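Read through the structure below, which is laid out as structure tokens, and then see the notes.
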Amino acid sequence: MVETKALIKASLEAGKDLLRHPAHGTGSSSGAKAPSVLVPIRSLGVNHRGRIAKHLMALEPQDRYLRFGFAASDEQIQRYADSLNFERDEIFGIYNRRLELIAMAHLAFSVDPDLSACAEFGVSVLQSVRGRGYGARLFDRAAVHARNEGVSRMFIHALSENTAMLKIARNAGATVERDGSESEAHLYLPPATLDSRLTELLAEQVAQADYRVKTQVKQFWDFLAEVQAVRRDVRQAQRNIPK
């Protein structure tokens, strides 16, 4: 019983670590550990399809090129968003306080029966929030989910000039093989454990709670803005009444 409690406690701590990343700009040359902030990452469903398309269309032209391997147009991005299979694959996202999708990852599971233990990872982060470790955190989140789904090999196919993506793969321990203008990284994943399952469960629960709070806060501020707009209209109308 004591061992079980200790294992659960360790798993909860691991889940908390999965939600954190070093605070941007707080590094120290002395080697001291930088403080961490919470990064809720939630699974996205069909009801998020519109926000996914909006996020991808907000990418800078160079970021679109690196994400898709070509200069994707708005129409091509919309087709990609419309084709996402939420039943087969897993989509993860990070929302800001305004409920804008600022970073997302697509974990695509292989449809080939002979490669059922493989999955491919792709990620995009808006330029305005670059450098905060969101891509790496999304990779960690996807890797835990992949393990729990029985995936043993995780792949990243990227342009060789996409140094940010390849750095994330290398830092995770992946092997990167370059073939001219394209590179492929593959990471072997260990089998799922109680720890990995509890870690994912906690991460998703925290992210869902965070999203609900952000939704309620946004609704409150939207309501307040409407009330203020009505008050302004009433004052303006009163000023225009002839005396």
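Labels used: A, B, ... for chains in the order of the structure tokens, numbers from 1 for residues in each chain, and numbers from 1 for ligands as shown.
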
So that I can see what lies close to Cys118 of chain A, please list as a compact mmCIF listing (two decimals) with N, CA and C atoms, in the first residue's frame the residues with an atom at most 9 Å from it, counting only C-alpha atoms and leaving out residues fewer than 2 positions away in the same chain.
# COMPACT_ATOMS: atom_id res chain seq x y z
N ALA A 108 -0.28 11.88 -35.92
CA ALA A 108 -0.99 11.07 -36.91
C ALA A 108 -0.56 9.61 -36.79
N PHE A 109 -1.52 8.74 -36.54
CA PHE A 109 -1.22 7.32 -36.41
C PHE A 109 -1.23 6.66 -37.78
N SER A 110 -0.36 5.71 -37.96
CA SER A 110 -0.22 5.04 -39.24
C SER A 110 -1.49 4.26 -39.60
N LEU A 115 2.46 -1.12 -39.90
CA LEU A 115 3.16 -0.06 -39.18
C LEU A 115 2.25 0.53 -38.10
N SER A 116 1.43 -0.33 -37.50
CA SER A 116 0.45 0.15 -36.53
C SER A 116 1.10 0.72 -35.27
N GLU A 120 3.33 9.81 -36.59
CA GLU A 120 4.11 10.95 -37.06
C GLU A 120 3.66 12.21 -36.33
N ALA A 146 1.30 8.81 -27.26
CA ALA A 146 1.68 7.76 -28.20
C ALA A 146 2.06 6.48 -27.45
N GLY A 150 0.24 2.48 -27.43
CA GLY A 150 0.97 1.34 -27.96
C GLY A 150 1.95 1.66 -29.07
N VAL A 151 2.23 2.94 -29.29
CA VAL A 151 3.20 3.33 -30.31
C VAL A 151 4.61 3.13 -29.78
N SER A 152 5.45 2.53 -30.59
CA SER A 152 6.84 2.29 -30.18
C SER A 152 7.84 3.17 -30.94
N ARG A 153 7.40 3.75 -32.07
CA ARG A 153 8.29 4.63 -32.85
C ARG A 153 7.52 5.88 -33.28
N MET A 154 8.13 7.01 -32.99
CA MET A 154 7.52 8.29 -33.32
C MET A 154 8.40 8.97 -34.36
N PHE A 155 7.80 9.44 -35.46
CA PHE A 155 8.54 10.02 -36.56
C PHE A 155 8.26 11.51 -36.71

Identify all residues of segment 75-211 of chain A in alpha helix (DSSP H) (DSSP on the backbone) and supply them as an MDAnalysis selection string. chainID A and resid 75:83 134:148 163:171 194:211

Selection file, N, CA and C atoms, as a compact mmCIF listing (two decimals), in the first residue's frame:
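Printed below is again31.txt as written:
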# COMPACT_ATOMS: atom_id res chain seq x y z
N GLU A 75 -6.61 28.12 -48.93
CA GLU A 75 -7.49 27.05 -49.39
C GLU A 75 -6.91 25.68 -49.05
N GLN A 76 -5.60 25.51 -49.23
CA GLN A 76 -4.96 24.23 -48.91
C GLN A 76 -4.98 23.98 -47.40
N ILE A 77 -4.78 25.02 -46.62
CA ILE A 77 -4.85 24.87 -45.16
C ILE A 77 -6.26 24.50 -44.73
N GLN A 78 -7.27 25.10 -45.35
CA GLN A 78 -8.64 24.77 -45.00
C GLN A 78 -8.95 23.31 -45.32
N ARG A 79 -8.45 22.84 -46.46
CA ARG A 79 -8.66 21.44 -46.82
C ARG A 79 -7.98 20.51 -45.81
N TYR A 80 -6.78 20.91 -45.37
CA TYR A 80 -6.08 20.12 -44.36
C TYR A 80 -6.90 20.05 -43.07
N ALA A 81 -7.40 21.21 -42.62
CA ALA A 81 -8.19 21.24 -41.39
C ALA A 81 -9.47 20.41 -41.54
N ASP A 82 -10.10 20.49 -42.70
CA ASP A 82 -11.33 19.75 -42.94
C ASP A 82 -11.08 18.24 -42.99
N SER A 83 -9.86 17.85 -43.34
CA SER A 83 -9.55 16.42 -43.49
C SER A 83 -9.06 15.77 -42.21
N TYR A 134 6.97 25.96 -26.28
CA TYR A 134 5.68 25.32 -26.55
C TYR A 134 5.83 24.10 -27.47
N GLY A 135 6.69 24.21 -28.47
CA GLY A 135 6.87 23.09 -29.39
C GLY A 135 7.38 21.85 -28.67
N ALA A 136 8.36 22.04 -27.78
CA ALA A 136 8.92 20.92 -27.02
C ALA A 136 7.89 20.32 -26.09
N ARG A 137 7.08 21.17 -25.46
CA ARG A 137 6.05 20.67 -24.54
C ARG A 137 4.97 19.89 -25.29
N LEU A 138 4.63 20.35 -26.48
CA LEU A 138 3.66 19.61 -27.28
C LEU A 138 4.23 18.26 -27.71
N PHE A 139 5.52 18.25 -28.00
CA PHE A 139 6.17 16.98 -28.36
C PHE A 139 6.13 16.01 -27.17
N ASP A 140 6.45 16.50 -25.98
CA ASP A 140 6.42 15.65 -24.79
C ASP A 140 5.02 15.10 -24.56
N ARG A 141 4.03 15.98 -24.71
CA ARG A 141 2.63 15.56 -24.50
C ARG A 141 2.22 14.49 -25.50
N ALA A 142 2.62 14.69 -26.76
CA ALA A 142 2.28 13.73 -27.80
C ALA A 142 2.99 12.40 -27.57
N ALA A 143 4.23 12.45 -27.12
CA ALA A 143 5.01 11.23 -26.89
C ALA A 143 4.39 10.38 -25.78
N VAL A 144 3.91 11.03 -24.73
CA VAL A 144 3.26 10.29 -23.64
C VAL A 144 1.99 9.61 -24.15
N HIS A 145 1.19 10.36 -24.92
CA HIS A 145 -0.03 9.78 -25.47
C HIS A 145 0.29 8.63 -26.42
N ALA A 146 1.30 8.81 -27.26
CA ALA A 146 1.68 7.76 -28.20
C ALA A 146 2.06 6.48 -27.45
N ARG A 147 2.87 6.62 -26.40
CA ARG A 147 3.25 5.46 -25.57
C ARG A 147 2.01 4.73 -25.06
N ASN A 148 1.07 5.51 -24.53
CA ASN A 148 -0.12 4.91 -23.93
C ASN A 148 -1.03 4.26 -24.96
N THR A 163 15.26 23.98 -38.46
CA THR A 163 16.18 23.67 -37.36
C THR A 163 15.47 23.60 -36.01
N ALA A 164 14.43 24.40 -35.82
CA ALA A 164 13.71 24.40 -34.54
C ALA A 164 13.05 23.04 -34.29
N MET A 165 12.41 22.51 -35.32
CA MET A 165 11.75 21.22 -35.18
C MET A 165 12.76 20.09 -34.97
N LEU A 166 13.83 20.12 -35.71
CA LEU A 166 14.85 19.08 -35.58
C LEU A 166 15.56 19.17 -34.23
N LYS A 167 15.69 20.37 -33.69
CA LYS A 167 16.28 20.53 -32.37
C LYS A 167 15.40 19.90 -31.30
N ILE A 168 14.09 20.08 -31.42
CA ILE A 168 13.16 19.45 -30.48
C ILE A 168 13.33 17.94 -30.51
N ALA A 169 13.45 17.38 -31.72
CA ALA A 169 13.60 15.94 -31.87
C ALA A 169 14.91 15.46 -31.24
N ARG A 170 15.99 16.16 -31.53
CA ARG A 170 17.29 15.76 -30.98
C ARG A 170 17.31 15.84 -29.46
N ASN A 171 16.74 16.91 -28.92
CA ASN A 171 16.71 17.08 -27.47
C ASN A 171 15.90 15.98 -26.78
N LEU A 194 2.03 2.56 -15.61
CA LEU A 194 1.04 3.25 -14.78
C LEU A 194 1.41 4.72 -14.66
N ASP A 195 2.70 4.98 -14.56
CA ASP A 195 3.17 6.35 -14.45
C ASP A 195 2.80 7.17 -15.68
N SER A 196 3.01 6.62 -16.88
CA SER A 196 2.70 7.37 -18.10
C SER A 196 1.20 7.59 -18.25
N ARG A 197 0.40 6.62 -17.83
CA ARG A 197 -1.05 6.77 -17.94
C ARG A 197 -1.58 7.81 -16.95
N LEU A 198 -1.06 7.80 -15.73
CA LEU A 198 -1.49 8.79 -14.75
C LEU A 198 -1.01 10.18 -15.14
N THR A 199 0.18 10.24 -15.73
CA THR A 199 0.72 11.53 -16.18
C THR A 199 -0.20 12.14 -17.23
N GLU A 200 -0.62 11.34 -18.21
CA GLU A 200 -1.50 11.86 -19.26
C GLU A 200 -2.86 12.23 -18.70
N LEU A 201 -3.38 11.42 -17.79
CA LEU A 201 -4.69 11.69 -17.21
C LEU A 201 -4.69 13.03 -16.47
N LEU A 202 -3.65 13.26 -15.68
CA LEU A 202 -3.56 14.51 -14.93
C LEU A 202 -3.39 15.70 -15.87
N ALA A 203 -2.54 15.55 -16.87
CA ALA A 203 -2.29 16.64 -17.82
C ALA A 203 -3.59 17.04 -18.52
N GLU A 204 -4.39 16.07 -18.93
CA GLU A 204 -5.63 16.37 -19.64
C GLU A 204 -6.65 17.01 -18.70
N GLN A 205 -6.73 16.52 -17.47
CA GLN A 205 -7.69 17.09 -16.51
C GLN A 205 -7.36 18.55 -16.21
N VAL A 206 -6.09 18.83 -16.00
CA VAL A 206 -5.67 20.21 -15.73
C VAL A 206 -5.96 21.11 -16.92
N ALA A 207 -5.67 20.61 -18.13
CA ALA A 207 -5.89 21.40 -19.34
C ALA A 207 -7.38 21.67 -19.57
N GLN A 208 -8.23 20.68 -19.31
CA GLN A 208 -9.66 20.86 -19.47
C GLN A 208 -10.19 21.89 -18.47
N ALA A 209 -9.71 21.81 -17.23
CA ALA A 209 -10.13 22.77 -16.21
C ALA A 209 -9.67 24.18 -16.58
N ASP A 210 -8.44 24.29 -17.07
CA ASP A 210 -7.90 25.59 -17.48
C ASP A 210 -8.73 26.18 -18.62
N TYR A 211 -9.13 25.34 -19.58
CA TYR A 211 -9.93 25.82 -20.71
C TYR A 211 -11.29 26.31 -20.25

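Using only C-alpha atoms, the protein and nucleic acid residues lying no more than 7 Å from Glu184 of chain A, apart from those fewer than 6 places from it along its own chain, are Ile156, His157, Ala158, Val176, Glu177 and Arg178 of chain A.
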
For Gly180 of chain A, please output as a compact mmCIF listing (two decimals) with C-alpha atoms, in the first residue's frame all residues within 9 Å (counting only C-alpha atoms; exclusion window: fewer than 2 positions along the same chain).
# COMPACT_ATOMS: atom_id res chain seq x y z
CA LEU A 159 12.64 20.16 -44.13
CA SER A 160 16.33 20.20 -43.20
CA ARG A 178 19.28 14.05 -43.36
CA GLU A 182 14.59 16.89 -46.11
CA SER A 183 15.29 15.20 -42.78

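Here atom CA of Gly122 of chain A stands at a distance of 12.4 Å from atom CA of Asp63 of chain A.
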
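Once Val111 of chain A and its same-chain neighbours fewer than 6 positions away are set aside, Asn85, Arg88, Asp89, Ala117, Cys118, Ala119 and Glu120 of chain A remain within 12 Å of it when counting only C-alpha atoms.
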
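The space between atom CA of Ala185 of chain A and atom CA of Glu90 of chain A spans 19.3 Å.
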
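If only C-alpha atoms are the atoms counted, then among A:Val125, A:Ala72, A:Leu84, A:Ala225 the closest residue to His48 of chain A is A:Leu84.
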
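Minimum atom-to-atom distances from A:Gln216, A:Phe92, A:Ile102, A:Glu161 to Tyr65 of chain A were compared using only C-alpha atoms, and the lowest value belongs to A:Glu161.
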
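What separates atom CA of Arg51 of chain A from atom CA of Gly133 of chain A is a distance of 21.3 Å.
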
Can you check which residues of segment 100-173 of chain A DSSP gives as strand (DSSP E) on the backbone and send them as a VMD selection string? chain A and resid 101 to 109 118 to 125 153 to 159

Selected residues written out with N, CA and C atoms, as a short mmCIF file (atom, residue, chain, number, x, y, z; two decimals), in the first residue's frame:
data_model
loop_
_atom_site.label_atom_id
_atom_site.label_comp_id
_atom_site.auth_asym_id
_atom_site.auth_seq_id
_atom_site.Cartn_x
_atom_site.Cartn_y
_atom_site.Cartn_z
N LEU A 101 -5.93 29.91 -30.32
CA LEU A 101 -5.04 28.75 -30.42
C LEU A 101 -3.68 29.24 -30.87
N ILE A 102 -2.70 29.25 -29.96
CA ILE A 102 -1.40 29.82 -30.28
C ILE A 102 -0.36 28.76 -30.66
N ALA A 103 -0.65 27.50 -30.37
CA ALA A 103 0.26 26.41 -30.74
C ALA A 103 -0.53 25.12 -30.81
N MET A 104 -0.18 24.27 -31.76
CA MET A 104 -0.89 23.00 -31.89
C MET A 104 0.02 21.92 -32.47
N ALA A 105 -0.34 20.69 -32.18
CA ALA A 105 0.43 19.54 -32.68
C ALA A 105 -0.53 18.50 -33.22
N HIS A 106 -0.09 17.80 -34.25
CA HIS A 106 -0.87 16.74 -34.86
C HIS A 106 -0.08 15.44 -34.74
N LEU A 107 -0.63 14.50 -34.00
CA LEU A 107 -0.04 13.16 -33.88
C LEU A 107 -0.85 12.23 -34.76
N ALA A 108 -0.28 11.88 -35.92
CA ALA A 108 -0.99 11.07 -36.91
C ALA A 108 -0.56 9.61 -36.79
N PHE A 109 -1.52 8.74 -36.54
CA PHE A 109 -1.22 7.32 -36.41
C PHE A 109 -1.23 6.66 -37.78
N CYS A 118 3.49 2.86 -35.21
CA CYS A 118 4.20 4.09 -35.60
C CYS A 118 3.24 5.27 -35.65
N ALA A 119 3.78 6.45 -35.40
CA ALA A 119 2.99 7.68 -35.48
C ALA A 119 3.91 8.82 -35.90
N GLU A 120 3.33 9.81 -36.59
CA GLU A 120 4.11 10.95 -37.06
C GLU A 120 3.66 12.21 -36.33
N PHE A 121 4.62 13.07 -36.01
CA PHE A 121 4.36 14.28 -35.24
C PHE A 121 4.62 15.52 -36.07
N GLY A 122 3.70 16.49 -35.99
CA GLY A 122 3.89 17.79 -36.64
C GLY A 122 3.43 18.87 -35.68
N VAL A 123 4.07 20.03 -35.73
CA VAL A 123 3.75 21.09 -34.77
C VAL A 123 3.82 22.46 -35.43
N SER A 124 3.06 23.41 -34.90
CA SER A 124 3.13 24.81 -35.36
C SER A 124 2.93 25.72 -34.16
N VAL A 125 3.69 26.81 -34.14
CA VAL A 125 3.62 27.80 -33.06
C VAL A 125 3.60 29.18 -33.68
N ARG A 153 7.40 3.75 -32.07
CA ARG A 153 8.29 4.63 -32.85
C ARG A 153 7.52 5.88 -33.28
N MET A 154 8.13 7.01 -32.99
CA MET A 154 7.52 8.29 -33.32
C MET A 154 8.40 8.97 -34.36
N PHE A 155 7.80 9.44 -35.46
CA PHE A 155 8.54 10.02 -36.56
C PHE A 155 8.26 11.51 -36.71
N ILE A 156 9.26 12.22 -37.19
CA ILE A 156 9.10 13.62 -37.58
C ILE A 156 9.73 13.77 -38.96
N HIS A 157 8.92 14.17 -39.92
CA HIS A 157 9.44 14.42 -41.26
C HIS A 157 9.43 15.92 -41.46
N ALA A 158 10.60 16.52 -41.68
CA ALA A 158 10.70 17.97 -41.78
C ALA A 158 11.74 18.37 -42.80
N LEU A 159 11.61 19.60 -43.27
CA LEU A 159 12.64 20.16 -44.13
C LEU A 159 13.92 20.32 -43.31
#

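Residue nearest Asn162 of chain A, chosen from A:Ser181, A:Glu149, A:Ser43, A:Asp74 and counting only C-alpha atoms: A:Ser181.
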
Mind checking which residues fall within 9 Å of Phe86 of chain A, counting only C-alpha atoms, ignoring those fewer than 6 positions away in the same chain, and posting them as a list of chain:residue names? A:Leu44, A:Gly45, A:Val46
